[in-house]
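So this one's target.txt, compact mmCIF, C-alpha atoms:
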```txt
# COMPACT_ATOMS: atom_id res chain seq x y z
CA MET A 87 80.05 -90.20 7.59
CA ASN A 88 80.80 -93.67 8.93
CA LEU A 89 84.36 -94.73 8.30
CA ASP A 90 85.46 -98.29 7.76
CA ILE A 91 88.71 -98.69 9.69
CA PHE A 92 90.33 -100.84 7.02
CA SER A 93 89.38 -98.53 4.15
CA ILE A 94 92.38 -96.31 4.89
CA PHE A 95 94.64 -99.12 3.68
CA ASN A 96 93.06 -98.86 0.23
CA PRO A 97 94.98 -96.38 -2.03
CA GLY A 98 91.73 -95.48 -3.79
CA TRP A 99 90.30 -94.12 -0.53
CA TRP A 100 92.96 -91.38 -0.45
CA MET A 101 91.99 -90.25 -3.97
CA ASN A 102 88.31 -89.92 -3.11
CA ASP A 103 87.25 -86.25 -3.24
CA ASN A 104 84.43 -86.92 -0.76
CA ASN A 105 86.95 -87.48 2.02
CA ASN A 106 87.63 -84.16 3.72
CA THR A 107 90.86 -82.85 5.22
CA LEU A 108 89.88 -83.87 8.74
CA GLN A 109 89.35 -87.48 7.71
CA ILE A 110 92.64 -87.68 5.84
CA THR A 111 94.59 -86.05 8.67
CA ASP A 112 92.91 -88.33 11.17
CA SER A 113 93.78 -91.40 9.09
CA ILE A 114 97.43 -90.39 8.72
CA LEU A 115 97.77 -89.86 12.45
CA PHE A 116 96.00 -93.15 13.13
CA LEU A 117 98.43 -95.05 10.89
CA PHE A 118 101.42 -93.45 12.62
CA MET A 119 100.05 -94.49 16.01
CA ALA A 120 98.80 -97.95 14.95
CA ILE A 121 102.16 -99.12 13.59
CA PRO A 122 104.06 -98.91 16.92
CA VAL A 123 101.08 -100.38 18.82
CA LEU A 124 100.98 -103.34 16.41
CA TYR A 125 104.73 -103.84 16.78
CA LEU A 126 104.55 -103.77 20.58
CA PHE A 127 101.50 -106.08 20.55
CA VAL A 128 103.31 -108.75 18.50
CA CYS A 129 106.41 -108.58 20.73
CA ALA A 130 104.26 -108.77 23.88
CA LEU A 131 102.41 -111.76 22.46
CA PHE A 132 105.67 -113.63 21.90
CA SER A 133 106.81 -112.80 25.44
CA LEU A 134 103.98 -114.78 27.04
CA GLY A 135 104.93 -117.95 28.86
CA ARG A 136 107.58 -118.89 31.35
CA TYR A 137 111.27 -118.60 30.60
CA ARG A 138 113.17 -121.87 30.34
CA ASN A 139 116.94 -121.73 30.38
CA PRO A 140 118.11 -123.73 27.35
CA TYR A 141 121.79 -123.92 28.36
CA PRO A 142 123.09 -127.01 30.20
CA ALA A 143 125.71 -126.78 32.92
CA SER A 144 129.25 -126.48 31.63
CA ARG A 145 132.15 -128.44 33.07
CA ILE A 146 134.55 -125.71 31.94
CA LYS A 147 134.87 -122.59 34.07
CA HIS A 148 135.83 -119.65 31.89
CA ARG A 149 137.77 -116.60 33.03
CA PHE A 150 135.72 -113.42 33.64
CA LEU A 151 136.57 -109.76 34.00
CA VAL A 152 133.78 -108.14 36.01
CA LEU A 153 133.72 -104.39 35.38
CA PHE A 154 131.88 -101.84 37.51
CA THR A 155 131.60 -98.37 35.96
CA VAL A 156 131.33 -95.43 38.35
CA LEU A 157 130.25 -92.02 37.13
CA ARG A 158 128.82 -90.44 40.26
CA ASP A 159 128.56 -92.31 43.59
CA GLY A 160 131.55 -94.13 45.08
CA LYS A 161 129.56 -95.45 48.02
CA GLU A 162 127.33 -97.41 45.63
CA VAL A 163 130.18 -99.24 43.93
CA ILE A 164 131.84 -100.16 47.24
CA GLU A 165 128.58 -101.74 48.38
CA SER A 166 128.05 -103.48 45.01
CA VAL A 167 131.58 -104.91 44.86
CA SER A 168 131.33 -106.16 48.43
CA HIS A 169 127.99 -107.80 47.65
CA PHE A 170 129.46 -109.46 44.55
CA LEU A 171 132.52 -110.81 46.38
CA GLU A 172 130.46 -112.13 49.30
CA ASN A 173 127.63 -113.76 47.35
CA GLN A 174 128.94 -114.97 43.99
CA ASP A 175 129.30 -118.76 43.97
CA TYR A 176 131.68 -118.88 40.97
CA PRO A 177 135.27 -119.97 41.71
CA ARG A 178 137.11 -116.87 42.97
CA GLU A 179 140.27 -117.64 41.00
CA LYS A 180 138.23 -117.59 37.77
CA TYR A 181 137.22 -113.92 37.86
CA ASP A 182 138.75 -110.52 38.54
CA ILE A 183 136.96 -107.29 39.36
CA ALA A 184 137.84 -103.96 37.79
CA VAL A 185 136.41 -100.54 38.65
CA ALA A 186 136.37 -97.62 36.24
CA ALA A 187 136.64 -94.91 38.88
CA THR A 188 135.52 -91.53 37.57
CA ARG A 189 135.18 -88.46 39.80
CA LEU A 190 135.40 -90.45 43.02
CA PRO A 191 136.20 -88.78 46.35
CA GLU A 192 139.58 -89.62 47.80
CA GLU A 193 138.10 -91.54 50.74
CA ASP A 194 136.16 -93.81 48.38
CA LEU A 195 139.28 -94.47 46.33
CA MET A 196 141.17 -95.36 49.50
CA THR A 197 138.43 -97.85 50.43
CA LEU A 198 138.55 -99.45 46.98
CA LEU A 199 142.34 -99.73 47.18
CA GLN A 200 141.91 -101.98 50.20
CA MET A 201 139.62 -104.32 48.26
CA PRO A 202 140.71 -107.07 45.80
CA VAL A 203 139.86 -105.01 42.71
CA ASN A 204 141.77 -103.42 39.84
CA ILE A 205 141.13 -99.67 39.75
CA VAL A 206 141.30 -97.81 36.45
CA VAL A 207 141.07 -94.03 36.65
CA PRO A 208 140.20 -92.57 33.21
CA ASP A 209 142.38 -89.66 32.08
CA ASN A 210 139.30 -87.44 31.66
CA ASP A 211 137.22 -86.56 34.73
CA GLN A 212 134.23 -85.58 32.56
CA CYS A 213 134.32 -88.72 30.43
CA THR A 214 131.31 -90.70 29.30
CA LYS A 215 130.63 -94.29 30.21
CA VAL A 216 131.76 -95.37 26.74
CA TYR A 217 135.10 -93.61 27.16
CA ALA A 218 135.61 -95.07 30.64
CA ILE A 219 135.05 -98.61 29.33
CA GLN A 220 137.46 -97.98 26.45
CA GLN A 221 140.09 -96.87 28.95
CA VAL A 222 139.65 -100.10 30.90
CA MET A 223 139.90 -102.30 27.81
CA GLU A 224 143.21 -100.67 26.86
CA ARG A 225 144.74 -102.06 30.08
CA TYR A 226 144.14 -105.70 29.13
CA SER A 227 145.23 -107.95 26.28
CA PRO A 228 142.57 -109.64 24.10
CA ASP A 229 143.37 -113.14 25.40
CA GLU A 230 143.59 -112.27 29.09
CA TYR A 231 139.97 -113.28 29.80
CA ASP A 232 137.20 -115.25 28.12
CA MET A 233 134.30 -112.92 29.00
CA ILE A 234 133.64 -109.43 30.31
CA VAL A 235 130.59 -108.53 32.38
CA ILE A 236 129.69 -104.84 32.67
CA PHE A 237 127.76 -103.50 35.65
CA ASN A 238 126.74 -100.05 36.81
CA SER A 239 127.96 -98.88 40.20
CA ASP A 240 124.65 -99.74 41.91
CA ASN A 241 124.12 -103.19 40.38
CA LYS A 242 123.77 -106.27 42.58
CA ALA A 243 123.65 -109.58 40.74
CA VAL A 244 122.23 -112.90 41.92
CA SER A 245 124.72 -115.42 43.29
CA ASN A 246 124.69 -117.71 40.24
CA ALA A 247 125.09 -114.93 37.65
CA LEU A 248 128.57 -115.93 36.48
CA CYS A 249 127.59 -119.62 36.41
CA LEU A 250 124.65 -118.91 34.12
CA PHE A 251 126.73 -116.61 31.91
CA ASN A 252 129.41 -119.32 31.76
CA ASN A 253 126.92 -121.99 30.67
CA ALA A 254 125.53 -119.80 27.88
CA TYR A 255 129.01 -118.81 26.73
CA TYR A 256 130.10 -122.46 26.60
CA SER A 257 127.05 -123.15 24.41
CA GLY A 258 128.09 -120.46 21.93
CA CYS A 259 126.60 -117.15 23.11
CA ASP A 260 128.98 -114.23 22.59
CA ALA A 261 126.67 -111.44 23.78
CA MET A 262 124.14 -111.55 26.63
CA GLN A 263 121.83 -109.17 28.43
CA ALA A 264 120.80 -110.00 31.99
CA HIS A 265 117.43 -109.28 33.59
CA ARG A 266 117.76 -105.92 35.30
CA MET A 267 115.19 -105.22 38.01
CA THR A 268 114.51 -102.34 40.36
CA GLU A 269 115.67 -102.71 43.96
CA ASN A 270 114.10 -99.65 45.58
CA LEU A 271 110.30 -99.95 45.32
CA THR A 272 109.95 -97.21 47.92
CA THR A 273 107.83 -94.58 46.13
CA ASP A 274 105.06 -94.60 43.53
CA ILE A 275 107.38 -93.02 40.97
CA ALA A 276 109.98 -95.76 41.56
CA VAL A 277 107.26 -98.42 41.18
CA LEU A 278 106.12 -96.93 37.85
CA ASN A 279 109.73 -96.79 36.66
CA ALA A 280 110.17 -100.42 37.68
CA THR A 281 106.97 -101.41 35.88
CA SER A 282 108.08 -99.62 32.72
CA GLU A 283 111.46 -101.39 32.76
CA GLU A 284 109.85 -104.78 33.30
CA ILE A 285 107.48 -104.18 30.38
CA ASN A 286 110.51 -103.26 28.26
CA ASN A 287 112.25 -106.45 29.42
CA ASN A 288 109.31 -108.57 28.27
CA ILE A 289 108.77 -106.77 24.96
CA PHE A 290 112.27 -105.85 23.76
CA ARG A 291 114.22 -108.71 25.30
CA LYS A 292 112.12 -111.76 26.05
CA GLY A 293 109.75 -111.12 23.14
CA HIS A 294 112.56 -110.35 20.72
CA THR A 295 114.58 -113.47 21.51
CA ARG A 296 111.50 -115.69 21.15
CA MET A 297 111.03 -114.17 17.71
CA GLY A 298 114.63 -115.06 16.84
CA LEU A 299 115.82 -111.45 17.15
CA SER A 300 118.53 -109.98 19.35
CA ALA A 301 117.62 -108.74 22.80
CA ALA A 302 117.92 -105.01 23.37
CA LEU A 303 120.83 -103.96 25.58
CA ILE A 304 120.18 -101.83 28.68
CA GLY A 305 123.66 -100.45 29.33
CA SER A 306 124.52 -102.61 32.32
CA ALA A 307 124.36 -106.27 33.38
CA MET A 308 125.76 -107.15 29.95
CA ALA A 309 128.21 -109.98 29.15
CA PHE A 310 130.37 -110.31 26.04
CA ASP A 311 133.08 -112.50 24.62
CA PHE A 312 136.22 -110.71 25.79
CA LYS A 313 138.21 -110.89 22.57
CA MET A 314 135.23 -109.77 20.50
CA PHE A 315 134.47 -106.85 22.82
CA HIS A 316 138.14 -105.92 22.91
CA GLU A 317 138.01 -105.51 19.13
CA ILE A 318 134.83 -103.42 18.98
CA ALA A 319 135.50 -101.25 22.07
CA PRO A 320 137.74 -98.72 20.24
CA THR A 321 135.05 -98.27 17.56
CA LEU A 322 132.28 -97.32 20.01
CA ARG A 323 131.08 -93.72 19.68
CA GLY A 324 128.72 -91.43 21.58
CA SER A 325 127.61 -91.48 25.18
CA ASP A 326 125.01 -94.29 25.09
CA ILE A 327 126.87 -97.56 25.63
CA SER A 328 123.85 -99.75 24.84
CA LYS A 329 123.02 -98.23 21.45
CA THR A 330 126.57 -97.95 20.16
CA THR A 331 127.32 -101.53 21.25
CA GLU A 332 124.13 -102.82 19.61
CA ILE A 333 125.14 -101.25 16.32
CA ALA A 334 128.64 -102.74 16.51
CA LEU A 335 127.26 -106.20 17.27
CA LEU A 336 124.51 -106.20 14.65
CA LYS A 337 126.84 -104.97 11.93
CA GLN A 338 128.81 -108.17 12.54
CA ASN A 339 125.62 -110.28 12.79
CA ILE A 340 126.33 -111.13 16.44
CA TYR A 341 123.20 -112.29 18.26
CA THR A 342 122.42 -111.01 21.77
CA GLU A 343 120.76 -113.49 24.13
CA TYR A 344 118.44 -112.51 26.98
CA MET A 345 119.23 -114.24 30.28
CA GLU A 346 116.04 -113.75 32.29
CA GLU A 347 117.28 -115.86 35.21
CA VAL A 348 120.35 -113.65 35.68
CA VAL A 349 118.61 -111.03 37.80
CA CYS A 350 120.55 -107.84 38.47
CA TYR A 351 119.09 -105.28 40.87
CA SER A 352 119.53 -101.55 40.32
CA LYS A 353 118.18 -98.35 41.81
CA LYS A 354 115.57 -96.20 40.08
CA GLU A 355 114.74 -92.53 40.48
CA GLU A 356 112.30 -92.08 43.35
CA ASN A 357 110.79 -88.72 42.38
CA ALA A 358 109.53 -87.00 39.25
CA ASP A 359 112.39 -84.46 39.16
CA GLY A 360 115.01 -87.20 39.15
CA TYR A 361 113.08 -89.05 36.47
CA GLU A 362 112.95 -85.95 34.27
CA ALA A 363 116.68 -85.26 34.65
CA ARG A 364 117.60 -88.79 33.61
CA ARG A 365 115.05 -88.78 30.81
CA LEU A 366 116.55 -85.67 29.21
CA GLY A 367 119.80 -87.55 28.73
CA TRP A 368 117.90 -90.51 27.32
CA LEU A 369 115.99 -88.30 24.88
CA HIS A 370 119.20 -86.80 23.52
CA SER A 371 120.38 -90.31 22.70
CA GLN A 372 116.92 -91.24 21.34
CA TYR A 373 116.86 -88.37 18.85
CA SER A 374 120.39 -89.15 17.68
CA SER A 375 119.61 -92.83 17.23
CA GLY A 376 116.36 -91.95 15.45
CA LEU A 377 118.21 -89.89 12.85
CA PHE A 378 120.74 -92.71 12.52
CA ALA A 379 117.92 -95.20 11.92
CA ILE A 380 116.32 -93.03 9.21
CA ARG A 381 119.62 -92.88 7.33
CA HIS A 382 120.55 -96.55 7.59
CA LEU A 383 117.24 -98.46 7.61
CA PRO A 384 116.72 -98.46 3.78
CA MET A 385 120.16 -99.96 3.13
CA ALA A 386 119.71 -102.52 5.91
CA VAL A 387 116.44 -103.64 4.29
CA LEU A 388 118.10 -103.96 0.88
CA LYS A 389 120.88 -106.06 2.40
CA GLY A 390 118.38 -108.29 4.20
CA LYS A 391 119.86 -107.73 7.68
CA TRP A 392 116.56 -108.26 9.47
CA ASP A 393 117.91 -108.25 13.00
CA TYR A 394 119.61 -104.93 12.24
CA CYS A 395 116.41 -103.66 10.60
CA ASN A 396 114.40 -104.54 13.68
CA LYS A 397 116.77 -102.57 15.88
CA LEU A 398 116.67 -99.50 13.63
CA PHE A 399 112.88 -99.67 13.45
CA GLN A 400 112.70 -99.95 17.25
CA TRP A 401 114.68 -96.71 17.55
CA LEU A 402 112.07 -94.93 15.44
CA LEU A 403 109.28 -95.79 17.87
CA PRO A 404 108.10 -93.17 20.37
CA SER A 405 108.57 -93.88 24.05
CA ARG A 406 105.79 -95.81 25.76
CA PHE A 407 104.71 -92.81 27.87
CA LEU A 408 104.65 -90.52 24.83
CA LEU A 409 102.76 -93.10 22.75
CA ILE A 410 100.08 -93.44 25.43
CA ALA A 411 99.80 -89.66 25.78
CA LEU A 412 99.44 -89.13 22.01
CA ILE A 413 96.84 -91.85 21.52
CA LEU A 414 94.74 -90.59 24.42
CA PHE A 415 95.04 -87.03 23.14
CA PHE A 416 93.93 -87.93 19.61
CA THR A 417 91.10 -90.06 21.00
CA VAL A 418 89.74 -87.09 22.93
CA VAL A 419 90.19 -84.70 19.99
CA THR A 420 88.35 -86.95 17.51
CA THR A 421 85.57 -87.56 20.05
CA VAL A 422 85.04 -83.80 20.37
CA THR A 423 85.47 -82.81 16.72
CA ASP A 424 83.80 -85.71 14.89
CA TRP A 425 82.47 -88.67 16.86
CA THR A 426 82.23 -90.82 13.72
CA LEU A 427 86.05 -90.89 13.58
CA CYS A 428 86.63 -91.97 17.17
CA PRO A 429 85.69 -95.73 17.23
CA LYS A 430 89.01 -96.79 15.71
CA TRP A 431 90.86 -94.66 18.27
CA TYR A 432 89.01 -96.37 21.11
CA LEU A 433 89.95 -99.73 19.62
CA LEU A 434 93.57 -98.62 19.34
CA SER A 435 93.57 -97.42 22.96
CA ALA A 436 92.16 -100.78 24.05
CA ALA A 437 94.78 -102.64 22.00
CA MET A 438 97.53 -100.54 23.57
CA GLY A 439 96.23 -101.22 27.07
CA PHE A 440 95.91 -104.96 26.37
CA THR A 441 99.48 -104.99 25.02
CA PHE A 442 100.92 -103.55 28.22
CA ILE A 443 98.78 -105.87 30.35
CA MET A 444 100.26 -108.85 28.46
CA ALA A 445 103.77 -107.52 29.06
CA LEU A 446 103.14 -106.62 32.71
CA PRO A 447 105.30 -108.79 34.97
CA GLU A 448 103.93 -111.01 37.69
CA GLY A 449 104.89 -110.65 41.33
CA GLU A 450 105.49 -107.73 43.68
CA ILE A 451 105.91 -105.07 40.99
CA ALA A 452 102.49 -105.85 39.50
CA LEU A 453 100.86 -105.71 42.93
CA ARG A 454 102.44 -102.37 43.79
CA PHE A 455 101.67 -100.99 40.34
CA ARG A 456 97.94 -101.06 41.11
CA LYS A 457 98.50 -98.75 44.06
CA ALA A 458 100.94 -96.48 42.20
CA ILE A 459 98.84 -95.99 39.06
CA TRP A 460 97.69 -92.56 40.26
CA ALA A 461 101.24 -91.24 39.68
CA PHE A 462 101.14 -92.27 36.00
CA PRO A 463 99.79 -88.89 34.76
CA VAL A 464 102.74 -87.20 36.50
CA LEU A 465 105.28 -89.33 34.62
CA MET A 466 103.36 -88.92 31.37
CA PHE A 467 103.41 -85.13 31.78
CA LYS A 468 107.13 -85.25 32.61
CA SER A 469 107.71 -87.33 29.49
CA ILE A 470 105.99 -84.77 27.26
CA PHE A 471 107.72 -81.88 29.03
CA SER A 472 111.10 -83.56 28.49
CA HIS A 473 110.43 -83.80 24.75
CA VAL A 474 109.54 -80.08 24.66
CA LEU A 475 112.74 -79.14 26.52
CA GLN A 476 114.85 -81.31 24.26
CA PHE A 477 113.22 -79.77 21.17
CA LYS A 478 113.96 -76.26 22.45
CA LYS A 479 117.58 -77.20 23.08
CA LYS A 480 117.84 -78.53 19.53
CA ARG A 481 116.47 -75.26 18.11
CA LYS A 482 118.86 -73.15 20.18
CA ALA A 483 121.81 -75.25 19.03
CA GLN A 484 120.94 -74.70 15.35
```
Write out the structure in this file as structure tokens.
Amino acid sequence: MNLDIFSIFNPGWWMNDNNNTLQITDSILFLFMAIPVLYLFVCALFSLGRYRNPYPASRIKHRFLVLFTVLRDGKEVIESVSHFLENQDYPREKYDIAVAATRLPEEDLMTLLQMPVNIVVPDNDQCTKVYAIQQVMERYSPDEYDMIVIFNSDNKAVSNALCLFNNAYYSGCDAMQAHRMTENLTTDIAVLNATSEEINNNIFRKGHTRMGLSAALIGSAMAFDFKMFHEIAPTLRGSDISKTTEIALLKQNIYTEYMEEVVCYSKKEENADGYEARRLGWLHSQYSSGLFAIRHLPMAVLKGKWDYCNKLFQWLLPSRFLLIALILFFTVVTTVTDWTLCPKWYLLSAAMGFTFIMALPEGEIALRFRKAIWAFPVLMFKSIFSHVLQFKKKRKAQ
């Protein structure tokens, strides 16, 4: 039986007794897959075109607290702080550097003590990044600085980062997300990770802001009004700094700008095992935020908080790797079981591929991606395997 793709949007089609169980199941699955693809397609479409910085140069130089959070490697933060001090072209008297030093070896602490930085050692060695940042904020008064910039231990920002943040802040931006890029394009896995992050930058940051929505936070290379962040810091909960901060900002209708020119380099996992380990932590946060979104999305819609609604809806979407794997799987299944059902799946697969091509960045990452594409099935398998492991952990905890 030939199936009109758009007939599934007609309520009368679902009441038709001639439609068998396979068709109805196929249509339900197709709708669940088509919605995130459509969402990503629209965001990718808005991301097209070159970025133009809309913020003029400011004559006022605001005071910055630059915070590096360290949760594992002291050598990284020493290198990052040195790079920042040597290359930043912002007036030195207008910014201070603080380091949240967690579980650092004594020799690394001694090296940091010899540098012009303020060291804050959290009172809990096993603390999360959120807790470490809260400990730092307790050491400063709300009016001590104008802005705070939060980096990971391995982040290296471009030389005009503070200047660009300063210009945007002077123009009225209270929350900003910089353009985080991968530094170590040394393996195929690292290249695929870098490509995935750049696609996310274009879809969830550049695309969102061009649609008038807040940019998604990444967890580092973020800048906030100091007084505002000082107020919300004690209210932050959980282990994912980006998600808990997004909720706090959107509840107060604070818009987050995306600063594409403020490039911040970071290091990505170079092998599949490292990717899987990091992804397990991400999945735990993803499931928690998904349940949060299910509970709060209806009320957000009723209140008309559309920026907040967009964020909650985004948290309900499957990861890009999982979405690709599911669509390809269902395409193969429908082709084998009933070929009359598969044309719409092929169209959906093509739309998904076109979406990611639109969001694919130009430059070195795109060139290397063509050579690293063979490793994509490995990451896709790791993504599915991570979901299975996380599901088993959830069942054991119940």
Exercise for the section: May I have the residues within 9 Å of A:Thr342 as a PyMOL selection string, using only C-alpha atoms and disregarding those fewer than 6 positions away in the same chain? Expected result: chain A and resi 259-263+295+299-303+332+335-336
Exercise for the section: Return the single residue from A:Gly305, A:Gly135, A:Pro384, A:Pro447 that is closest to A:Val235, with distances computed using only C-alpha atoms. Expected result: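 Selected residue with least distance to A:Val235: A:Gly305.
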Give me the residues near stretch 182-197 of chain A as a PDB file with C-alpha atoms, keeping the file's coordinate frame, where near means some atom within 8 Å (using all atoms listed in the file) and where sequence neighbours in that chain fewer than 5 positions away do not count.
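Contents of the output file out-v4.pdb:
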```pdb
ATOM      1  CA  PHE A 150     135.720-113.420  33.640  1.00  0.00           C
ATOM      2  CA  LEU A 151     136.570-109.760  34.000  1.00  0.00           C
ATOM      3  CA  VAL A 152     133.780-108.140  36.010  1.00  0.00           C
ATOM      4  CA  LEU A 153     133.720-104.390  35.380  1.00  0.00           C
ATOM      5  CA  PHE A 154     131.880-101.840  37.510  1.00  0.00           C
ATOM      6  CA  THR A 155     131.600 -98.370  35.960  1.00  0.00           C
ATOM      7  CA  VAL A 156     131.330 -95.430  38.350  1.00  0.00           C
ATOM      8  CA  LEU A 157     130.250 -92.020  37.130  1.00  0.00           C
ATOM      9  CA  ARG A 158     128.820 -90.440  40.260  1.00  0.00           C
ATOM     10  CA  ASP A 159     128.560 -92.310  43.590  1.00  0.00           C
ATOM     11  CA  GLY A 160     131.550 -94.130  45.080  1.00  0.00           C
ATOM     12  CA  LYS A 161     129.560 -95.450  48.020  1.00  0.00           C
ATOM     13  CA  ILE A 164     131.840-100.160  47.240  1.00  0.00           C
ATOM     14  CA  PRO A 202     140.710-107.070  45.800  1.00  0.00           C
ATOM     15  CA  VAL A 203     139.860-105.010  42.710  1.00  0.00           C
ATOM     16  CA  ASN A 204     141.770-103.420  39.840  1.00  0.00           C
ATOM     17  CA  ILE A 205     141.130 -99.670  39.750  1.00  0.00           C
ATOM     18  CA  VAL A 206     141.300 -97.810  36.450  1.00  0.00           C
ATOM     19  CA  VAL A 207     141.070 -94.030  36.650  1.00  0.00           C
ATOM     20  CA  PRO A 208     140.200 -92.570  33.210  1.00  0.00           C
ATOM     21  CA  ASP A 211     137.220 -86.560  34.730  1.00  0.00           C
ATOM     22  CA  GLN A 212     134.230 -85.580  32.560  1.00  0.00           C
ATOM     23  CA  CYS A 213     134.320 -88.720  30.430  1.00  0.00           C
ATOM     24  CA  ALA A 218     135.610 -95.070  30.640  1.00  0.00           C
ATOM     25  CA  ILE A 219     135.050 -98.610  29.330  1.00  0.00           C
ATOM     26  CA  VAL A 222     139.650-100.100  30.900  1.00  0.00           C
TER      27      VAL A 222
END
```
Exercise for the section: Calculate how many Å separate atom CA of A:Tyr373 from atom CA of A:Ser405, rounding to one decimal. Expected result: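 Interatomic distance, atom CA of A:Tyr373 to atom CA of A:Ser405: 11.2 Å.
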Handout entry: Nearest candidate to A:Ser435 (options A:Ile410, A:Thr423, A:Ile340, A:Thr330; using all atoms listed in the file)
Key = A:Ile410
Handout entry: Straight-line distance linking atom CA of A:Val418 with atom CA of A:Ala130, stated in Å to one decimal
Key =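 Here the two named atoms are 26.1 Å from each other.
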Problem - Residue nearest A:Ala437 - candidates A:Ala334, A:Ala264, A:Ile413, A:Ile234, atoms counted: all atoms listed in the file - result: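 With all atoms listed in the file as the atom set, the closest residue is A:Ile413.
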Problem - For atom CA of A:Val216 and atom CA of A:Gln372, the interatomic separation in Å (one decimal) - result: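 Rounded to one decimal, the two atoms are 16.3 Å apart.
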